[in-house]
Each structure stands twice: as C-alpha cells, then as structure tokens.
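Dumped start_7.pdb below, it's PDB, C-alpha atoms:
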ATOM      1  CA  LYS A  47     -23.587 -31.519  11.321
ATOM      2  CA  GLY A  48     -20.319 -32.291   9.673
ATOM      3  CA  THR A  49     -17.207 -30.157  10.217
ATOM      4  CA  GLY A  50     -18.626 -27.967  12.945
ATOM      5  CA  TYR A  51     -17.536 -24.903  10.994
ATOM      6  CA  MET A  52     -20.350 -22.557  10.136
ATOM      7  CA  TYR A  53     -20.057 -19.536   7.925
ATOM      8  CA  SER A  54     -22.801 -16.992   7.756
ATOM      9  CA  TYR A  55     -22.817 -13.954   5.542
ATOM     10  CA  SER A  56     -24.337 -10.784   6.852
ATOM     11  CA  PRO A  57     -24.374  -7.743   4.535
ATOM     12  CA  GLU A  58     -24.582  -5.397   7.516
ATOM     13  CA  HIS A  59     -21.499  -6.923   9.105
ATOM     14  CA  HIS A  60     -19.612  -7.076   5.812
ATOM     15  CA  CYS A  61     -20.119  -3.372   5.086
ATOM     16  CA  ALA A  62     -19.708  -2.108   8.640
ATOM     17  CA  ASN A  63     -16.031  -1.239   8.254
ATOM     18  CA  ASN A  64     -16.131   0.225   4.754
ATOM     19  CA  GLY A  65     -16.433   3.815   5.973
ATOM     20  CA  SER A  66     -13.379   3.560   8.202
ATOM     21  CA  ARG A  67     -11.302   1.919   5.476
ATOM     22  CA  LEU A  68     -11.667   4.713   2.933
ATOM     23  CA  PHE A  69      -8.749   7.080   2.693
ATOM     24  CA  ASN A  70      -8.100  10.231   0.735
ATOM     25  CA  VAL A  71      -4.603  11.115  -0.343
ATOM     26  CA  THR A  72      -3.198  13.303  -3.072
ATOM     27  CA  LYS A  73      -1.006  11.892  -5.807
ATOM     28  CA  GLU A  74       1.980  13.917  -4.606
ATOM     29  CA  HIS A  75       1.579  12.871  -0.975
ATOM     30  CA  LEU A  76       1.167   9.197  -1.889
ATOM     31  CA  HIS A  77       4.253   9.377  -4.112
ATOM     32  CA  TYR A  78       6.239  10.863  -1.235
ATOM     33  CA  LEU A  79       5.024   8.201   1.196
ATOM     34  CA  VAL A  80       5.680   5.126  -0.970
ATOM     35  CA  TRP A  81       9.174   6.324  -1.858
ATOM     36  CA  ASN A  82      10.098   7.098   1.763
ATOM     37  CA  HIS A  83       8.373   4.206   3.557
ATOM     38  CA  SER A  84       7.491   0.633   2.697
ATOM     39  CA  THR A  85       3.989  -0.054   1.411
ATOM     40  CA  VAL A  86       3.242  -1.995   4.607
ATOM     41  CA  LYS A  87       4.146   1.028   6.745
ATOM     42  CA  VAL A  88       2.085   3.354   4.559
ATOM     43  CA  SER A  89      -0.874   0.974   4.788
ATOM     44  CA  LYS A  90      -0.681   1.058   8.583
ATOM     45  CA  MET A  91      -0.703   4.865   8.493
ATOM     46  CA  PHE A  92      -4.075   4.785   6.728
ATOM     47  CA  ASN A  93      -5.382   1.648   8.457
ATOM     48  CA  VAL A  94      -5.854  -0.152   5.132
ATOM     49  CA  SER A  95      -4.165  -3.124   3.474
ATOM     50  CA  ASP A  96      -0.986  -2.904   1.441
ATOM     51  CA  VAL A  97      -3.059  -4.081  -1.525
ATOM     52  CA  ALA A  98      -5.293  -1.005  -1.101
ATOM     53  CA  ILE A  99      -2.179   1.192  -1.242
ATOM     54  CA  ALA A 100      -0.995  -0.587  -4.392
ATOM     55  CA  LYS A 101      -4.409  -0.152  -6.016
ATOM     56  CA  ARG A 102      -4.505   3.542  -5.131
ATOM     57  CA  CYS A 103      -1.001   3.985  -6.572
ATOM     58  CA  LYS A 104      -2.153   2.348  -9.796
ATOM     59  CA  LEU A 105      -5.317   4.470  -9.887
ATOM     60  CA  LEU A 106      -3.382   7.716  -9.386
ATOM     61  CA  GLY A 107      -0.478   6.705 -11.644
ATOM     62  CA  VAL A 108       2.118   6.675  -8.861
ATOM     63  CA  ASN A 109       5.125   4.447  -9.500
ATOM     64  CA  LYS A 110       6.181   2.320  -6.532
ATOM     65  CA  PRO A 111       9.686   1.101  -5.726
ATOM     66  CA  PRO A 112      10.486  -2.271  -7.318
ATOM     67  CA  ARG A 113      10.201  -5.475  -5.311
ATOM     68  CA  GLY A 114      13.098  -5.855  -2.883
ATOM     69  CA  TYR A 115      13.926  -2.132  -2.863
ATOM     70  CA  TRP A 116      13.576  -1.679   0.912
ATOM     71  CA  ALA A 117      15.501  -4.868   1.733
ATOM     72  CA  LYS A 118      18.380  -3.828  -0.506
ATOM     73  CA  LEU A 119      18.303  -0.301   0.894
ATOM     74  CA  SER A 120      18.432  -1.547   4.489
ATOM     75  CA  ASN A 121      21.311  -3.931   3.673
ATOM     76  CA  ASN A 122      23.280  -1.250   1.814
ATOM     77  CA  LYS A 123      23.126  -3.351  -1.350
ATOM     78  CA  LEU A 124      21.286  -0.790  -3.430
ATOM     79  CA  LYS A 125      23.782   0.539  -5.956
ATOM     80  CA  VAL A 126      21.650   3.468  -7.088
ATOM     81  CA  ASP A 127      19.012   5.385  -5.193
ATOM     82  CA  LEU A 128      16.017   4.835  -7.458
ATOM     83  CA  ARG A 129      13.921   7.676  -6.075
ATOM     84  CA  GLY A 130      15.153   9.992  -8.832
ATOM     85  CA  LEU A 131      14.718   7.419 -11.589
ATOM     86  CA  TYR A 132      11.110   6.575 -10.817
ATOM     87  CA  GLY A 133       9.653  10.041 -10.935
ATOM     88  CA  ASN A 134       6.024  10.951 -10.639
ATOM     89  CA  ARG A 135       4.789  10.073 -14.140
TER      90      ARG A 135
END
As structure tokens, what does this structure read like?
Amino acid sequence: KGTGYMYSYSPEHHCANNGSRLFNVTKEHLHYLVWNHSTVKVSKMFNVSDVAIAKRCKLLGVNKPPRGYWAKLSNNKLKVDLRGLYGNR
C-alpha cells in the first residue's frame, strides 16, 4: 500500500553483472585512450561507466585532460595541445 513503488534487493541480481564490468588495461594504454578519446567514449569501449574510467586513471596515476578539453578542441578554441604538458606521471 502507499506509493505502489516496491524496491527489493537481491544480492544475486546485484552481483550478476560484476564479472562483465571488470576491465584490465595497462597504464600506458589507458593514458593513450584518455588523451585521444573522451572519457565517455573510452567507457563505452570497455562497457563500464565514465566514473569507472576516472577511478582507474586515479588508481594507475594517469592524468586526464582537464574539464572542457574535448569541447575546446572540437571548437578550435584550444590554444595549446595539452597532450604534451600532461605526461604520464
């Protein structure tokens, strides 16, 4: 009774997709991907969220382009190509 909305938690259902969401990538390959494609595009390549890509970058110590980088690049408003400045540290 009430709202008609029912939420049920099932551990089996919750964990069912965990195996397919794991992805392995080297630091060098991830660095190449995030500096040549947007995080959203990279996340679709691995079938994970963009947040998962950001967390993996942080875990591996891969610097990502700053916010707005791809928009500025596509609008030719980027004064300097930052790929050389944000090296693999």
Shell around A:Leu76 at 9 Å using only C-alpha atoms, local window under 5 positions removed, as a list in words: Val71, Trp81, Val88, Ile99, Arg102, Cys103, Leu106 and Val108 of chain A
For atom CA of A:Pro111 and atom CA of A:Leu79, the interatomic separation in Å (one decimal):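 The value is 11.0 Å.
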For A:Lys104, work out the shell of residues within 12 Å, counting all atoms listed in the file and skipping chain neighbours fewer than 3 positions away, then give it as a PDB file with C-alpha atoms, in the frame of the given file.
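What follows is the written file result.pdb:
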ATOM      1  CA  LYS A  73      -1.006  11.892  -5.807  1.00  0.00           C
ATOM      2  CA  LEU A  76       1.167   9.197  -1.889  1.00  0.00           C
ATOM      3  CA  HIS A  77       4.253   9.377  -4.112  1.00  0.00           C
ATOM      4  CA  VAL A  97      -3.059  -4.081  -1.525  1.00  0.00           C
ATOM      5  CA  ALA A  98      -5.293  -1.005  -1.101  1.00  0.00           C
ATOM      6  CA  ILE A  99      -2.179   1.192  -1.242  1.00  0.00           C
ATOM      7  CA  ALA A 100      -0.995  -0.587  -4.392  1.00  0.00           C
ATOM      8  CA  LYS A 101      -4.409  -0.152  -6.016  1.00  0.00           C
ATOM      9  CA  GLY A 107      -0.478   6.705 -11.644  1.00  0.00           C
ATOM     10  CA  VAL A 108       2.118   6.675  -8.861  1.00  0.00           C
ATOM     11  CA  ASN A 109       5.125   4.447  -9.500  1.00  0.00           C
ATOM     12  CA  LYS A 110       6.181   2.320  -6.532  1.00  0.00           C
ATOM     13  CA  ASN A 134       6.024  10.951 -10.639  1.00  0.00           C
ATOM     14  CA  ARG A 135       4.789  10.073 -14.140  1.00  0.00           C
TER      15      ARG A 135
END
Test item: residues at most 10 Å from A:Leu68, all atoms listed in the file, excluding those fewer than 5 positions along its chain, as an MDAnalysis selection string: chainID A and resid 63 92:94 98
Answer as a list in words, residues within 12 Å of (4.5, -4.8, 4.2) using only C-alpha atoms: Val80, His83, Ser84, Thr85, Val86, Lys87, Val88, Ser89, Lys90, Met91, Val94, Ser95, Asp96, Val97, Ala98, Ile99, Ala100, Arg113, Gly114, Trp116 and Ala117 of chain A
Restricting it to C-alpha atoms, dump the selection as a compact mmCIF listing (two decimals), keeping the file's coordinate frame.
# COMPACT_ATOMS: atom_id res chain seq x y z
CA VAL A 80 5.68 5.13 -0.97
CA HIS A 83 8.37 4.21 3.56
CA SER A 84 7.49 0.63 2.70
CA THR A 85 3.99 -0.05 1.41
CA VAL A 86 3.24 -2.00 4.61
CA LYS A 87 4.15 1.03 6.74
CA VAL A 88 2.08 3.35 4.56
CA SER A 89 -0.87 0.97 4.79
CA LYS A 90 -0.68 1.06 8.58
CA MET A 91 -0.70 4.86 8.49
CA VAL A 94 -5.85 -0.15 5.13
CA SER A 95 -4.16 -3.12 3.47
CA ASP A 96 -0.99 -2.90 1.44
CA VAL A 97 -3.06 -4.08 -1.52
CA ALA A 98 -5.29 -1.00 -1.10
CA ILE A 99 -2.18 1.19 -1.24
CA ALA A 100 -1.00 -0.59 -4.39
CA ARG A 113 10.20 -5.48 -5.31
CA GLY A 114 13.10 -5.86 -2.88
CA TRP A 116 13.58 -1.68 0.91
CA ALA A 117 15.50 -4.87 1.73
